[in-house]
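Okay, so here's the structure we're looking at.
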Amino acid sequence: MAVSHPQNNLESAFPEELAELIKQLPTLKYGKLIQRALAVLVRIAGEEVDRLDWKILTAALEDLEQGFQIFYPYRHIRKITIFGSARISANSSEYRLAVDFARRITQLGFMVLTGAGGGIMQAGNEGAGREHSFGLNIRLPFEQEANPFIANDSKLINFKYFFTRKLFFLRESDAVALFPGGFGTQDEAFETLTLCQTGKYGPAPLVLIDEPGGDYWLSWNQHVQKNLLERGLISPEDINLYTITDNLSIACDTIRNFYQVYHSSRYVGKQFVMRLNCELSDAQVEQLNEGYSDILAEGRIEKSSALPQEIGSETEHLPRLVFHFNQRSFGRLYQLINQINRMSYLVSEAEHPERK
């Protein structure tokens with residue numbers, strides 16, 4: 001008797017499933033986007049593409065699929081990505097510092113993402129605990145096994161590619177905390193800064209954490225000041241994209257306070273829409289116009305309700321500030337958000353800044 005394999009069943013059913021999907025496209029919520037995705041695959045199938053290209057495309061889609069599925073149930077909870085060296089010993093003070101940070105930030109209601117390996121990654125999962133942890137592991141021939149604090153957890157994802165893994169580190173995080181590390185940590189620090197500087201990530205807080213009295217990030221910042229800022233390779237405002245501290249209370253407050261009044265933002269056409277947890281007064285908005293006219297391409301900062309394109313979204317009820325941002329001055333934009341968060345506000349005790 002022939003043995004029926006699930007993969008064979010899937011392949012035999014695929015034409016019918018595809019035909020049914022195409023039939024349903026006009027009624028699906030995201031039918032137009034699904035159609036665009038299918039159209040890309042059809043175009044590629046009609047071109048001269050190597051077998052390796054198809055393997056890369058397929059594996060990347062499988063990485064994305066599992067990431068989307070695992071994170072979806074937690075989409076309303078703010079999350080912190082923790083980066084740092086895999087080589088730091090569990091007996092070190094830096095390891096214990098990362099454990100303490102993860103524990104404190106989860107006690108504030110956030111969840112933690114790590115690379116699922118050892119060192120600082122393990123410390124992050126240990127401090128957060130399984131319930132509040134994600135592990136974004138990378139499949140390598142020589143490393144790395146998932147650390148014992150996230151191994152076999154339903155929120156552990158094993159990625160094939162670094163680029164899909166990096167996508168989820170930032171796509172799913174509302175802040176990034178960096179501890180000392182090697183080339184990988186430096187890569188993550190500068191890549192995150194580049195994405196913040198160009199508006200491809202955030203706005204979101206980036207906190208560089210030293211142990212008390214430590215100078216790892218202070219020395220790094222000296223390099224940035226001398227070789228980048230003084231030579232005009234970055235703008236003076238870019239320094240506002242990150243915070244350096246050796247105090248965990250300051251690190252946690254920097255992250256939580258970022259979402260006290262500011263909630264989130266997006267572009268609607270050419271307008272930058274900033275959603276807030278509470279409405280600002282007319283006088284406060286006028287103060288913002290006086291202090292930040294330099295970041296406007298035209299017009300003024302105005303109070304608004306949800307724009308027509310936002311009707312039906314989960315943030316429809318939130319008050320907004322709307323303006324034409326010049327899409328260059330992201331360091332100044334962070335200063336604007338920090339000022340908004342320092343303004344007097346009234347947030348219900350039932351509201352939590354860690355809830356999206």
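Labeling convention for the structure tokens: chains A, B, ... as they appear, residues from 1 per chain, ligands from 1 in order of appearance.
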
Which residues of segment 197-267 of chain A have any atom within 12 Å of an atom in segment 73-90 of chain A when counting only C-alpha atoms, and what is the closest pair of atoms for each, with the distance in Å to one decimal? Order the rows by chain and rising number and write it as JSON lines.
{"residue": "A:Ala204", "atom": "CA", "partner": "A:Ile80", "partner_atom": "CA", "distance": 10.1}
{"residue": "A:Pro205", "atom": "CA", "partner": "A:Ile80", "partner_atom": "CA", "distance": 9.6}
{"residue": "A:Leu206", "atom": "CA", "partner": "A:Thr81", "partner_atom": "CA", "distance": 9.7}
{"residue": "A:Val207", "atom": "CA", "partner": "A:Ile82", "partner_atom": "CA", "distance": 9.7}
{"residue": "A:Leu208", "atom": "CA", "partner": "A:Phe83", "partner_atom": "CA", "distance": 9.6}
{"residue": "A:Ile209", "atom": "CA", "partner": "A:Gly84", "partner_atom": "CA", "distance": 9.9}
{"residue": "A:Asp210", "atom": "CA", "partner": "A:Gly84", "partner_atom": "CA", "distance": 11.0}
{"residue": "A:Tyr216", "atom": "CA", "partner": "A:Gly84", "partner_atom": "CA", "distance": 11.8}
{"residue": "A:Trp217", "atom": "CA", "partner": "A:Gly84", "partner_atom": "CA", "distance": 11.9}
{"residue": "A:Ala251", "atom": "CA", "partner": "A:Ile80", "partner_atom": "CA", "distance": 11.7}
{"residue": "A:Cys252", "atom": "CA", "partner": "A:Ile80", "partner_atom": "CA", "distance": 10.5}
{"residue": "A:Ile255", "atom": "CA", "partner": "A:Ile80", "partner_atom": "CA", "distance": 8.8}
{"residue": "A:Arg256", "atom": "CA", "partner": "A:Arg78", "partner_atom": "CA", "distance": 10.0}
{"residue": "A:Phe258", "atom": "CA", "partner": "A:Arg78", "partner_atom": "CA", "distance": 11.8}
{"residue": "A:Tyr259", "atom": "CA", "partner": "A:Arg78", "partner_atom": "CA", "distance": 9.8}
{"residue": "A:His263", "atom": "CA", "partner": "A:Arg78", "partner_atom": "CA", "distance": 10.7}
{"residue": "A:Ser264", "atom": "CA", "partner": "A:Arg78", "partner_atom": "CA", "distance": 11.2}

Per-residue DSSP, segment 82-116 of chain A, filtered to helix (DSSP H, G or I), as a PDB file with N, CA, C and O atoms, in the first residue's frame:
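Ended up saving to result36.pdb:
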ATOM      1  N   SER A  93      29.579  40.723  35.985  1.00  0.00           N
ATOM      2  CA  SER A  93      28.670  41.782  36.455  1.00  0.00           C
ATOM      3  C   SER A  93      27.802  42.299  35.312  1.00  0.00           C
ATOM      4  O   SER A  93      26.646  42.688  35.532  1.00  0.00           O
ATOM      5  N   GLU A  94      28.325  42.295  34.076  1.00  0.00           N
ATOM      6  CA  GLU A  94      27.540  42.757  32.940  1.00  0.00           C
ATOM      7  C   GLU A  94      26.364  41.817  32.664  1.00  0.00           C
ATOM      8  O   GLU A  94      25.273  42.262  32.288  1.00  0.00           O
ATOM      9  N   TYR A  95      26.587  40.522  32.851  1.00  0.00           N
ATOM     10  CA  TYR A  95      25.506  39.545  32.692  1.00  0.00           C
ATOM     11  C   TYR A  95      24.407  39.815  33.713  1.00  0.00           C
ATOM     12  O   TYR A  95      23.221  39.876  33.367  1.00  0.00           O
ATOM     13  N   ARG A  96      24.786  39.986  34.966  1.00  0.00           N
ATOM     14  CA  ARG A  96      23.786  40.229  36.003  1.00  0.00           C
ATOM     15  C   ARG A  96      23.051  41.551  35.763  1.00  0.00           C
ATOM     16  O   ARG A  96      21.867  41.687  36.063  1.00  0.00           O
ATOM     17  N   LEU A  97      23.770  42.534  35.199  1.00  0.00           N
ATOM     18  CA  LEU A  97      23.147  43.816  34.878  1.00  0.00           C
ATOM     19  C   LEU A  97      22.049  43.633  33.831  1.00  0.00           C
ATOM     20  O   LEU A  97      20.955  44.196  33.953  1.00  0.00           O
ATOM     21  N   ALA A  98      22.330  42.817  32.810  1.00  0.00           N
ATOM     22  CA  ALA A  98      21.337  42.564  31.760  1.00  0.00           C
ATOM     23  C   ALA A  98      20.144  41.786  32.312  1.00  0.00           C
ATOM     24  O   ALA A  98      18.996  42.022  31.914  1.00  0.00           O
ATOM     25  N   VAL A  99      20.397  40.836  33.221  1.00  0.00           N
ATOM     26  CA  VAL A  99      19.309  40.108  33.874  1.00  0.00           C
ATOM     27  C   VAL A  99      18.409  41.081  34.624  1.00  0.00           C
ATOM     28  O   VAL A  99      17.171  41.036  34.514  1.00  0.00           O
ATOM     29  N   ASP A 100      19.034  41.982  35.375  1.00  0.00           N
ATOM     30  CA  ASP A 100      18.286  42.948  36.179  1.00  0.00           C
ATOM     31  C   ASP A 100      17.479  43.888  35.277  1.00  0.00           C
ATOM     32  O   ASP A 100      16.304  44.194  35.559  1.00  0.00           O
ATOM     33  N   PHE A 101      18.092  44.339  34.187  1.00  0.00           N
ATOM     34  CA  PHE A 101      17.373  45.231  33.271  1.00  0.00           C
ATOM     35  C   PHE A 101      16.142  44.540  32.690  1.00  0.00           C
ATOM     36  O   PHE A 101      15.047  45.110  32.670  1.00  0.00           O
ATOM     37  N   ALA A 102      16.321  43.315  32.203  1.00  0.00           N
ATOM     38  CA  ALA A 102      15.194  42.582  31.606  1.00  0.00           C
ATOM     39  C   ALA A 102      14.093  42.348  32.626  1.00  0.00           C
ATOM     40  O   ALA A 102      12.900  42.443  32.302  1.00  0.00           O
ATOM     41  N   ARG A 103      14.467  42.049  33.851  1.00  0.00           N
ATOM     42  CA  ARG A 103      13.465  41.835  34.894  1.00  0.00           C
ATOM     43  C   ARG A 103      12.689  43.129  35.163  1.00  0.00           C
ATOM     44  O   ARG A 103      11.457  43.127  35.263  1.00  0.00           O
ATOM     45  N   ARG A 104      13.408  44.236  35.274  1.00  0.00           N
ATOM     46  CA  ARG A 104      12.750  45.512  35.556  1.00  0.00           C
ATOM     47  C   ARG A 104      11.827  45.939  34.424  1.00  0.00           C
ATOM     48  O   ARG A 104      10.711  46.406  34.667  1.00  0.00           O
ATOM     49  N   ILE A 105      12.282  45.786  33.182  1.00  0.00           N
ATOM     50  CA  ILE A 105      11.485  46.279  32.067  1.00  0.00           C
ATOM     51  C   ILE A 105      10.235  45.437  31.870  1.00  0.00           C
ATOM     52  O   ILE A 105       9.182  45.940  31.488  1.00  0.00           O
ATOM     53  N   THR A 106      10.314  44.150  32.161  1.00  0.00           N
ATOM     54  CA  THR A 106       9.111  43.323  32.063  1.00  0.00           C
ATOM     55  C   THR A 106       8.157  43.593  33.213  1.00  0.00           C
ATOM     56  O   THR A 106       6.940  43.477  33.053  1.00  0.00           O
ATOM     57  N   GLN A 107       8.673  43.979  34.362  1.00  0.00           N
ATOM     58  CA  GLN A 107       7.806  44.361  35.472  1.00  0.00           C
ATOM     59  C   GLN A 107       7.002  45.624  35.142  1.00  0.00           C
ATOM     60  O   GLN A 107       5.932  45.853  35.711  1.00  0.00           O
TER      61      GLN A 107
END

Problem - Nearest to Thr194 of chain A, chosen from A:Val285, A:Leu241, A:Ile56, A:Ala151, with only C-alpha atoms counted in the distances - result: A:Leu241

Taking a cut-off of 10 Å and counting only C-alpha atoms, can you build a table that, for each residue of segment 53-72 of chain A near segment 132-139 of chain A, reports the nearest atom pair and how far apart they are in Å (one decimal), sorted by chain then residue number, as a Markdown table?
| residue | atom | partner | partner_atom | distance |
| --- | --- | --- | --- | --- |
| A:Gly67 | CA | A:Leu136 | CA | 9.0 |
| A:Ile70 | CA | A:Phe134 | CA | 9.3 |
| A:Phe71 | CA | A:Phe134 | CA | 8.9 |

Exercise for the section: Please report, as a VMD selection string, each residue of segment 180-318 of chain A to which DSSP assigns strand (DSSP E) when run on this structure's backbone. Expected result: chain A and resid 206 to 209 243 to 245 262 to 268 271 to 276 296 to 304

Exercise for the section: Write out as a list in words the residues lying within 12 Å of Glu65 of chain A, counting only C-alpha atoms and excluding same-chain residues fewer than 3 positions away. Expected result: Thr58, Ala59, Ala60, Leu61, Glu62, Phe68, Gln69, Ile70, Phe71, Tyr72, Ile157, Asn158, Phe159, Thr164, Arg165 and Phe168 of chain A

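We find atom CA of Val268 of chain A and atom CA of Pro203 of chain A to be spaced 16.0 Å apart.
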
Handout entry: Non-local contacts of Gln122 of chain A (7 Å; only C-alpha atoms; under 6 positions in same chain excluded) as a list in words
Key = Ala116, Asn147 and Phe149 of chain A

Preceding selection exported with N, CA, C and O atoms as a PDB file, in the first residue's frame:
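New file again.pdb:
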ATOM      1  N   ALA A 116      18.474  34.760  21.387  1.00  0.00           N
ATOM      2  CA  ALA A 116      18.279  33.390  21.896  1.00  0.00           C
ATOM      3  C   ALA A 116      19.573  32.654  22.209  1.00  0.00           C
ATOM      4  O   ALA A 116      19.534  31.505  22.647  1.00  0.00           O
ATOM      5  N   ASN A 147      19.496  29.284  24.252  1.00  0.00           N
ATOM      6  CA  ASN A 147      19.840  29.211  25.667  1.00  0.00           C
ATOM      7  C   ASN A 147      18.710  28.525  26.452  1.00  0.00           C
ATOM      8  O   ASN A 147      17.566  28.470  25.994  1.00  0.00           O
ATOM      9  N   PHE A 149      16.869  29.310  28.818  1.00  0.00           N
ATOM     10  CA  PHE A 149      15.744  30.108  29.306  1.00  0.00           C
ATOM     11  C   PHE A 149      14.707  30.388  28.218  1.00  0.00           C
ATOM     12  O   PHE A 149      13.640  30.942  28.509  1.00  0.00           O
TER      13      PHE A 149
END

Fill in the blank from the handout: Pairwise distance, atom CA of Glu20 of chain A with atom CA of Glu314 of chain A, equals 29.6 Å

Problem - Separation of atom CA of Thr185 of chain A from atom CA of Leu52 of chain A, in Å and rounded to one decimal - result: 29.7 Å

Practice task
Pick out the residues sitting within 9 Å of Tyr292 of chain A, and hand them over as a ChimeraX atom specification; count only C-alpha atoms, and ignore anything fewer than 3 positions along from it in its own chain.
Solution key: /A:287-289,295-296,301,332-333,336

Taking N, CA, C and O atoms for each residue, export the selection above as a compact mmCIF listing (two decimals), in the first residue's frame.
# COMPACT_ATOMS: atom_id res chain seq x y z
N GLN A 287 3.42 76.30 21.52
CA GLN A 287 4.81 76.22 22.00
C GLN A 287 5.65 75.32 21.10
O GLN A 287 6.81 75.63 20.80
N LEU A 288 5.07 74.21 20.65
CA LEU A 288 5.79 73.32 19.74
C LEU A 288 6.05 74.00 18.40
O LEU A 288 7.13 73.83 17.82
N ASN A 289 5.09 74.76 17.92
CA ASN A 289 5.29 75.48 16.66
C ASN A 289 6.41 76.50 16.77
O ASN A 289 7.19 76.68 15.83
N ILE A 295 11.72 71.98 11.50
CA ILE A 295 11.57 70.62 10.98
C ILE A 295 10.37 70.50 10.04
O ILE A 295 10.09 69.41 9.53
N LEU A 296 9.69 71.62 9.80
CA LEU A 296 8.51 71.60 8.95
C LEU A 296 8.88 71.95 7.51
O LEU A 296 9.59 72.92 7.26
N ILE A 301 2.27 72.80 12.88
CA ILE A 301 1.83 71.62 13.62
C ILE A 301 0.39 71.87 14.07
O ILE A 301 0.10 72.88 14.72
N ARG A 332 15.98 66.04 15.60
CA ARG A 332 15.09 67.08 16.12
C ARG A 332 13.70 66.51 16.39
O ARG A 332 13.03 66.92 17.34
N LEU A 333 13.25 65.56 15.56
CA LEU A 333 11.95 64.93 15.79
C LEU A 333 11.94 64.23 17.15
O LEU A 333 10.94 64.28 17.88
N LEU A 336 11.46 66.76 19.74
CA LEU A 336 10.06 67.15 19.80
C LEU A 336 9.26 66.15 20.61
O LEU A 336 8.45 66.53 21.48

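Take the candidates A:Ser219, A:Ser235, A:Ser313, A:Ser293 and check each one against Asn326 of chain A using only C-alpha atoms; the shortest distance goes to A:Ser293.
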
Completion exercise
Counting only C-alpha atoms, the residue among A:Gly269, A:Ala146, A:Arg43, A:Ile340 that lies closest to Pro308 of chain A is A:Gly269
